[in-house]
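Novice: Contents are mmCIF, C-alpha atoms; file name final.cif:
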```
data_data
loop_
_atom_site.label_atom_id
_atom_site.label_comp_id
_atom_site.auth_asym_id
_atom_site.auth_seq_id
_atom_site.Cartn_x
_atom_site.Cartn_y
_atom_site.Cartn_z
CA MET A 621 -164.75 9.28 55.09
CA GLU A 622 -167.33 6.64 54.15
CA ASN A 623 -167.12 7.66 50.46
CA GLN A 624 -163.32 7.55 50.60
CA GLU A 625 -163.46 4.03 52.03
CA ARG A 626 -165.83 2.94 49.27
CA PHE A 627 -163.56 4.34 46.57
CA ALA A 628 -160.56 2.68 48.21
CA GLU A 629 -162.21 -0.69 47.68
CA ILE A 630 -162.41 -0.15 43.91
CA ARG A 631 -159.66 -1.80 41.88
CA HIS A 632 -158.48 -0.33 38.58
CA ARG A 633 -156.72 -2.05 35.74
CA GLN A 634 -155.92 -1.64 32.04
CA VAL A 635 -156.99 -4.52 29.82
CA ALA A 636 -155.84 -5.21 26.26
CA THR A 637 -158.91 -6.06 24.19
CA ASN A 638 -159.80 -5.98 20.51
CA GLY A 639 -156.82 -3.80 19.56
CA ILE A 640 -157.27 -1.16 22.27
CA THR A 641 -156.42 -0.76 25.96
CA MET A 642 -159.53 -0.49 28.12
CA HIS A 643 -159.72 0.98 31.62
CA VAL A 644 -161.79 -1.18 33.96
CA ALA A 645 -162.95 -0.50 37.53
CA GLU A 646 -163.94 -3.45 39.70
CA GLN A 647 -165.36 -3.98 43.15
CA GLY A 648 -166.25 -7.20 44.95
CA ASP A 649 -164.81 -10.68 45.36
CA LEU A 650 -163.19 -12.03 42.19
CA SER A 651 -165.01 -15.33 42.64
CA ALA A 652 -168.45 -13.71 43.04
CA PRO A 653 -171.08 -13.66 40.25
CA PRO A 654 -169.94 -10.96 37.78
CA VAL A 655 -172.06 -7.97 36.75
CA LEU A 656 -170.92 -5.94 33.72
CA LEU A 657 -172.02 -2.29 33.99
CA LEU A 658 -172.15 -0.26 30.75
CA HIS A 659 -172.27 3.53 31.10
CA GLY A 660 -174.00 5.99 28.81
CA PHE A 661 -173.11 9.27 27.12
CA PRO A 662 -171.36 11.41 28.27
CA GLU A 663 -170.35 9.33 31.29
CA LEU A 664 -167.62 7.06 32.64
CA TRP A 665 -167.37 4.01 34.89
CA LEU A 666 -167.85 6.46 37.78
CA SER A 667 -171.57 6.75 37.07
CA TRP A 668 -171.96 3.26 38.58
CA ARG A 669 -170.10 4.01 41.84
CA HIS A 670 -173.20 3.63 44.02
CA GLN A 671 -174.26 0.37 42.41
CA MET A 672 -170.73 -1.04 42.51
CA ALA A 673 -170.54 -0.65 46.29
CA ALA A 674 -173.99 -2.16 46.82
CA LEU A 675 -173.36 -5.06 44.44
CA ALA A 676 -170.06 -5.88 46.13
CA ALA A 677 -171.67 -5.70 49.57
CA ASN A 678 -174.34 -8.16 48.43
CA GLY A 679 -172.02 -10.79 47.02
CA TYR A 680 -171.51 -9.72 43.41
CA ARG A 681 -168.42 -8.70 41.45
CA ALA A 682 -169.06 -5.33 39.78
CA ILE A 683 -167.14 -4.66 36.56
CA ALA A 684 -167.44 -1.15 35.08
CA PRO A 685 -165.29 -0.29 32.05
CA ASP A 686 -164.78 3.04 30.36
CA LEU A 687 -166.12 2.22 26.90
CA ARG A 688 -164.14 2.86 23.72
CA GLY A 689 -163.37 6.57 23.38
CA TYR A 690 -164.22 7.44 27.00
CA GLY A 691 -162.10 8.23 30.06
CA ASP A 692 -158.90 6.25 30.41
CA THR A 693 -159.77 3.82 27.61
CA ASP A 694 -158.07 4.32 24.24
CA MET A 695 -159.66 6.79 21.83
CA PRO A 696 -159.01 5.75 18.21
CA THR A 697 -158.89 8.78 15.90
CA ASP A 698 -160.69 7.10 13.01
CA PRO A 699 -164.50 7.48 13.35
CA ALA A 700 -164.85 4.17 11.52
CA ALA A 701 -163.38 2.46 14.61
CA TYR A 702 -166.55 3.08 16.65
CA THR A 703 -169.05 0.75 15.03
CA VAL A 704 -171.30 -1.52 17.04
CA PHE A 705 -169.07 -4.45 16.07
CA HIS A 706 -166.00 -2.72 17.50
CA ILE A 707 -167.66 -1.95 20.81
CA ILE A 708 -169.22 -5.40 21.21
CA GLY A 709 -165.83 -6.85 20.29
CA ASP A 710 -164.24 -4.79 23.07
CA LEU A 711 -166.68 -6.22 25.60
CA VAL A 712 -166.30 -9.80 24.45
CA GLY A 713 -162.52 -9.38 24.56
CA LEU A 714 -162.79 -8.00 28.09
CA LEU A 715 -164.82 -11.01 29.22
CA ASP A 716 -162.31 -13.34 27.57
CA HIS A 717 -159.43 -11.58 29.32
CA LEU A 718 -161.22 -11.90 32.67
CA GLU A 719 -162.05 -15.54 31.87
CA LEU A 720 -165.76 -14.95 32.35
CA PRO A 721 -167.92 -17.08 30.03
CA ARG A 722 -171.22 -15.46 31.12
CA VAL A 723 -172.14 -12.33 33.07
CA PHE A 724 -175.11 -10.32 34.21
CA VAL A 725 -175.29 -7.08 32.19
CA VAL A 726 -176.68 -3.70 33.26
CA GLY A 727 -176.83 -0.82 30.77
CA HIS A 728 -177.86 2.84 30.89
CA ASP A 729 -178.45 5.29 28.02
CA TRP A 730 -176.17 4.34 25.09
CA GLY A 731 -174.66 1.67 27.31
CA ALA A 732 -178.17 0.19 27.26
CA TYR A 733 -178.13 0.34 23.46
CA MET A 734 -174.89 -1.64 23.42
CA ALA A 735 -176.27 -4.06 26.00
CA TRP A 736 -179.21 -4.81 23.71
CA ARG A 737 -176.74 -5.47 20.87
CA LEU A 738 -174.53 -7.66 23.05
CA CYS A 739 -177.57 -9.79 23.84
CA GLN A 740 -178.45 -9.92 20.16
CA LEU A 741 -175.00 -10.68 18.78
CA ARG A 742 -173.50 -12.75 21.60
CA PRO A 743 -176.39 -14.02 23.76
CA GLU A 744 -174.32 -16.93 25.04
CA ARG A 745 -172.19 -14.45 27.03
CA VAL A 746 -175.15 -12.88 28.89
CA ARG A 747 -176.81 -14.55 31.85
CA ALA A 748 -179.49 -11.88 32.22
CA LEU A 749 -179.98 -8.21 31.32
CA VAL A 750 -181.19 -5.13 33.20
CA ASN A 751 -181.51 -2.01 31.02
CA ILE A 752 -182.40 1.53 32.00
CA GLY A 753 -184.10 4.18 29.90
CA ILE A 754 -183.37 3.14 26.32
CA PRO A 755 -185.72 0.52 24.85
CA TYR A 756 -184.70 -1.89 22.13
CA LEU A 757 -184.73 0.15 18.91
CA ARG A 758 -185.83 -1.89 15.94
CA ARG A 759 -183.82 -1.52 12.76
CA THR A 760 -185.99 0.13 10.12
CA PRO A 761 -184.74 -1.07 6.70
CA SER A 762 -185.82 2.03 4.78
CA VAL A 763 -184.83 4.77 7.25
CA LYS A 764 -181.39 5.46 8.70
CA PRO A 765 -181.38 6.56 12.35
CA THR A 766 -179.91 10.01 11.68
CA ASP A 767 -182.60 10.72 9.08
CA ARG A 768 -185.26 9.67 11.60
CA PHE A 769 -183.79 11.93 14.30
CA PHE A 770 -183.68 14.95 12.00
CA LYS A 771 -187.27 14.39 10.88
CA ALA A 772 -188.64 13.81 14.38
CA PHE A 773 -186.68 16.34 16.45
CA GLY A 774 -185.01 18.80 14.09
CA GLU A 775 -181.48 20.15 14.17
CA GLY A 776 -181.70 21.10 17.84
CA PHE A 777 -181.69 17.47 19.01
CA TYR A 778 -178.28 16.72 20.52
CA MET A 779 -177.46 13.87 18.16
CA CYS A 780 -178.35 16.05 15.21
CA GLN A 781 -176.09 18.82 16.50
CA PHE A 782 -173.18 16.38 16.68
CA GLN A 783 -173.43 15.47 13.01
CA GLU A 784 -170.48 16.34 10.80
CA PRO A 785 -170.56 15.15 7.20
CA GLY A 786 -168.53 12.00 6.82
CA ARG A 787 -167.87 11.50 10.55
CA ALA A 788 -170.49 10.85 13.22
CA GLU A 789 -173.26 10.65 10.63
CA ALA A 790 -171.35 7.99 8.73
CA SER A 791 -170.79 6.06 11.95
CA PHE A 792 -174.51 5.93 12.73
CA ALA A 793 -175.26 4.93 9.15
CA ARG A 794 -172.56 2.26 9.24
CA ASN A 795 -174.04 0.65 12.36
CA TRP A 796 -177.43 0.60 10.65
CA GLU A 797 -175.86 -1.19 7.68
CA LEU A 798 -173.91 -3.68 9.80
CA MET A 799 -177.01 -4.82 11.67
CA ALA A 800 -178.93 -5.75 8.51
CA PRO A 801 -178.42 -9.53 8.99
CA TRP A 802 -180.19 -9.27 12.36
CA GLN A 803 -183.24 -7.55 10.93
CA GLY A 804 -186.24 -8.83 12.89
CA ALA A 805 -184.15 -10.85 15.37
CA LYS A 806 -185.45 -11.10 18.91
CA ILE A 807 -183.63 -10.59 22.21
CA GLU A 808 -184.06 -13.93 24.01
CA VAL A 809 -181.95 -13.13 27.10
CA PRO A 810 -183.99 -12.79 30.34
CA THR A 811 -184.42 -9.03 30.67
CA LYS A 812 -185.68 -6.44 33.11
CA PHE A 813 -186.26 -2.94 31.71
CA ILE A 814 -186.29 0.08 34.02
CA LEU A 815 -188.74 2.67 32.69
CA VAL A 816 -188.05 6.23 33.89
CA GLU A 817 -191.07 8.25 32.87
CA ARG A 818 -189.58 11.74 33.33
CA ASP A 819 -186.48 10.80 31.32
CA VAL A 820 -186.12 12.95 28.20
CA GLY A 821 -185.90 9.70 26.23
CA TYR A 822 -189.40 8.70 27.36
CA ASN A 823 -190.79 10.78 24.51
CA ALA A 824 -187.70 11.31 22.35
CA TYR A 825 -187.34 7.58 21.67
CA ALA A 826 -191.04 6.81 22.08
CA THR A 827 -190.00 4.68 25.04
CA GLY A 828 -193.37 4.88 26.78
CA MET A 829 -195.22 3.93 23.62
CA LYS A 830 -192.89 1.01 22.91
CA VAL A 831 -193.23 -0.37 26.43
CA LYS A 832 -196.92 0.17 27.09
CA GLY A 833 -197.99 -0.60 23.54
CA GLY A 834 -196.32 -4.00 23.57
CA ASP A 835 -193.66 -3.34 20.92
CA LEU A 836 -190.79 -3.97 23.31
CA LYS A 837 -192.37 -7.19 24.61
CA GLU A 838 -192.77 -8.42 21.05
CA VAL A 839 -189.05 -8.23 20.34
CA VAL A 840 -187.93 -9.08 23.91
CA PRO A 841 -190.30 -11.92 24.86
CA ASN A 842 -188.65 -12.79 28.21
CA LEU A 843 -189.24 -9.26 29.56
CA ASP A 844 -190.25 -7.72 32.87
CA VAL A 845 -190.79 -3.96 33.14
CA VAL A 846 -190.76 -1.76 36.24
CA SER A 847 -191.16 2.00 36.51
CA ILE A 848 -189.30 4.47 38.72
CA ASP A 849 -190.18 8.11 39.29
CA GLY A 850 -187.16 10.15 38.27
CA TYR A 851 -185.09 11.57 35.46
CA HIS A 852 -182.39 10.39 33.09
CA PHE A 853 -179.50 9.62 35.46
CA ILE A 854 -181.65 7.56 37.83
CA GLN A 855 -178.81 5.34 39.08
CA GLN A 856 -177.14 8.47 40.47
CA GLU A 857 -180.17 10.62 41.21
CA LYS A 858 -181.91 8.04 43.41
CA ALA A 859 -179.12 5.60 44.18
CA GLU A 860 -180.11 4.89 47.78
CA GLU A 861 -183.81 4.54 47.01
CA ALA A 862 -183.18 2.37 43.99
CA LEU A 863 -180.76 0.07 45.76
CA LEU A 864 -181.94 -0.18 49.33
CA HIS A 865 -185.71 0.07 49.23
CA ASN A 866 -188.44 -2.13 47.87
CA LYS A 867 -191.53 -0.08 48.59
CA ARG A 868 -193.50 -1.35 45.65
CA SER A 869 -192.65 -3.28 42.52
CA LYS A 870 -195.06 -3.99 39.73
CA SER A 871 -195.03 -5.09 36.13
CA ILE A 872 -196.60 -2.37 33.99
CA GLN A 873 -196.59 -4.07 30.60
CA ASN A 874 -199.62 -2.89 28.60
CA THR A 875 -200.91 -0.53 31.31
CA LYS A 876 -202.60 2.61 30.02
CA SER A 877 -201.71 5.18 32.68
CA PRO A 878 -198.34 6.20 34.15
CA SER A 879 -197.40 4.67 37.47
CA HIS A 880 -194.32 5.23 39.58
CA TYR A 881 -192.75 2.50 41.65
CA SER A 882 -189.41 2.19 43.37
CA THR A 883 -187.55 -1.09 43.42
CA ARG A 884 -184.24 -2.57 44.36
CA ILE A 885 -183.23 -2.20 40.73
CA TYR A 886 -180.05 -4.15 40.50
CA LEU A 887 -180.08 -6.63 43.35
CA GLN A 888 -183.68 -7.67 42.86
CA SER A 889 -183.57 -7.48 39.08
CA LEU A 890 -180.52 -9.69 38.81
CA ARG A 891 -182.49 -12.52 40.37
CA ILE A 892 -184.07 -13.12 36.97
CA GLY A 893 -180.81 -14.79 36.03
CA ASN A 894 -180.56 -17.09 39.02
CA VAL A 895 -181.58 -20.16 37.06
#
```
Using the file provided, produce a representation of the structure as structure tokens.
Specialist:
Amino acid sequence: MENQERFAEIRHRQVATNGITMHVAEQGDLSAPPVLLLHGFPELWLSWRHQMAALAANGYRAIAPDLRGYGDTDMPTDPAAYTVFHIIGDLVGLLDHLELPRVFVVGHDWGAYMAWRLCQLRPERVRALVNIGIPYLRRTPSVKPTDRFFKAFGEGFYMCQFQEPGRAEASFARNWELMAPWQGAKIEVPTKFILVERDVGYNAYATGMKVKGGDLKEVVPNLDVVSIDGYHFIQQEKAEEALLHNKRSKSIQNTKSPSHYSTRIYLQSLRIGNV
């Protein structure tokens, strides 16, 4: 019954943005500080259901869209319609439609990747960022991402398995090309990064090395890092612990050994933007 009541509080709408119709789920007072929640692959807005309820209960307005190609949002048939510019354009159009000049942003998995890019391309729209699992991935001028994945992980890696000549591969390559003007640019938005050390991406994307070796701090200077003991879908796996408890919280930038701390991820982390 409690879960049914929580779902009943969620509002759904379809928003016209950037040439598509986007499904958006919302919870919380319309006048409250807005938090834009960006899901990963292969997820939907529903992956944020626990955080939406907690955010709304603590005075925030949670906004969780189905991103382009997912769920009840339009799915263009042309693979060329899924570049980073398209997806960031969708999000900016959504904020314009909602008349929200600036928002807090929380991203997970490939939603985190897009959150990094939103901060890079349109930093004036982001009050502060909380990202989970996926560090900022520098653009390497000489190596396309798909080539790097094949070399590092072989054909068995899930992204490599998804490659079809002229389709997904071209989309990855196109994003790499489009971001060339931002080569070397820094993410200046106040950011908290949630490191999940048993996440498959901890090694696959060299996340641990990037965080503890200082690479992430170099490109995201206004950064705070916390670690949580868990796996990839931490916002669902440990929703209650992550939201309601604050047993220990500690910055681990440049530490040499793994450490596991729980934190009120979203509510506490969003305070970095209360300036």
Novice: Starting from the shown file, work through the PyMOL selection byres ((chain A and resi 804-807) around 8) and note down what comes out as a list in words.
Specialist: Trp736, Cys739, Gln740, Arg758, Arg759, Trp802, Gln803, Glu808, Val809, Val839, Val840 and Pro841 of chain A
Novice: Could the residues in this selection be saved with C-alpha atoms as a compact mmCIF listing (two decimals), in the frame of the given file?
Specialist:
```txt
# COMPACT_ATOMS: atom_id res chain seq x y z
CA TRP A 736 -179.21 -4.81 23.71
CA CYS A 739 -177.57 -9.79 23.84
CA GLN A 740 -178.45 -9.92 20.16
CA ARG A 758 -185.83 -1.89 15.94
CA ARG A 759 -183.82 -1.52 12.76
CA TRP A 802 -180.19 -9.27 12.36
CA GLN A 803 -183.24 -7.55 10.93
CA GLU A 808 -184.06 -13.93 24.01
CA VAL A 809 -181.95 -13.13 27.10
CA VAL A 839 -189.05 -8.23 20.34
CA VAL A 840 -187.93 -9.08 23.91
CA PRO A 841 -190.30 -11.92 24.86
```
Novice: So what do you get for CA of Lys830 in chain A versus CA of Gly753 in chain A, distance-wise?
Specialist: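 A separation of 11.7 Å between them.
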Novice: Near range 729-735 of chain A, counting all atoms listed in the file, which residues have an atom at most 6 Å away, once you skip same-chain residues fewer than 6 positions from it, shown as a ChimeraX atom specification?
Specialist: /A:658-660,751,754
Novice: What's the separation between CA of Tyr756 in chain A and CA of Leu718 in chain A, in Å to one decimal place?
Specialist: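 Value for the CA of Tyr756 in chain A-CA of Leu718 in chain A distance: 27.6 Å.
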Novice: Which residue is closest to Met779 in chain A? Choose from A:Glu646, A:Glu744, A:Asp767, A:Glu663 and count only C-alpha atoms.
Specialist: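 Distance minimum relative to Met779 in chain A lands on A:Asp767.
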Novice: What is the distance, in Å and to one decimal place, between CA of His643 in chain A and CA of Asp686 in chain A?
Specialist: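 Going from CA of His643 in chain A over to CA of Asp686 in chain A covers 5.6 Å.
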Novice: Leaving out range 668-672 of chain A and any residue of its chain fewer than 3 positions from it, which residues lie within 7 Å of it when counting only C-alpha atoms, given as a PyMOL selection string?
Specialist: chain A and resi 647+665+675-676+682+859
Novice: With distances taken over all atoms listed in the file, which of A:Leu715, A:Met695, A:Thr637, A:Gly821 is nearest to Phe777 in chain A?
Specialist: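 Checking each candidate against Phe777 in chain A, we get A:Gly821 as the closest.
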Novice: Measuring between only C-alpha atoms, which one of A:Trp796, A:Phe813, A:Phe769, A:Phe705 shows the shortest distance to Asn842 in chain A?
Specialist: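 Result for the nearest residue to Asn842 in chain A: A:Phe813.
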Novice: Extract, using only C-alpha atoms, all DNA, RNA and protein residues at most 9 Å from Leu738 in chain A, discarding same-chain residues fewer than 4 positions from it, and format them as an NGL selection string.
Specialist: :A and (708 or 711-712 or 733-734 or 742-743 or 745-746)
Novice: Might you spell out which residues the PyMOL selection byres ((chain A and resi 726) around 7) would select in the displayed file, as a ChimeraX atom specification?
Specialist: /A:656-658,724-725,727,749-751
Novice: Emit the selected residues as a compact mmCIF listing (two decimals), in the coordinates of the input, including C-alpha atoms.
Specialist:
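Contents of part_11.txt, freshly written:
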```txt
# COMPACT_ATOMS: atom_id res chain seq x y z
CA LEU A 656 -170.92 -5.94 33.72
CA LEU A 657 -172.02 -2.29 33.99
CA LEU A 658 -172.15 -0.26 30.75
CA PHE A 724 -175.11 -10.32 34.21
CA VAL A 725 -175.29 -7.08 32.19
CA GLY A 727 -176.83 -0.82 30.77
CA LEU A 749 -179.98 -8.21 31.32
CA VAL A 750 -181.19 -5.13 33.20
CA ASN A 751 -181.51 -2.01 31.02
```
Novice: Considering only C-alpha atoms, state which residue in the set A:Arg794, A:Arg631, A:Arg737, A:Arg747 is at the smallest distance from Lys764 in chain A.
Specialist: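 For Lys764 in chain A, the nearest of the given residues is A:Arg794.
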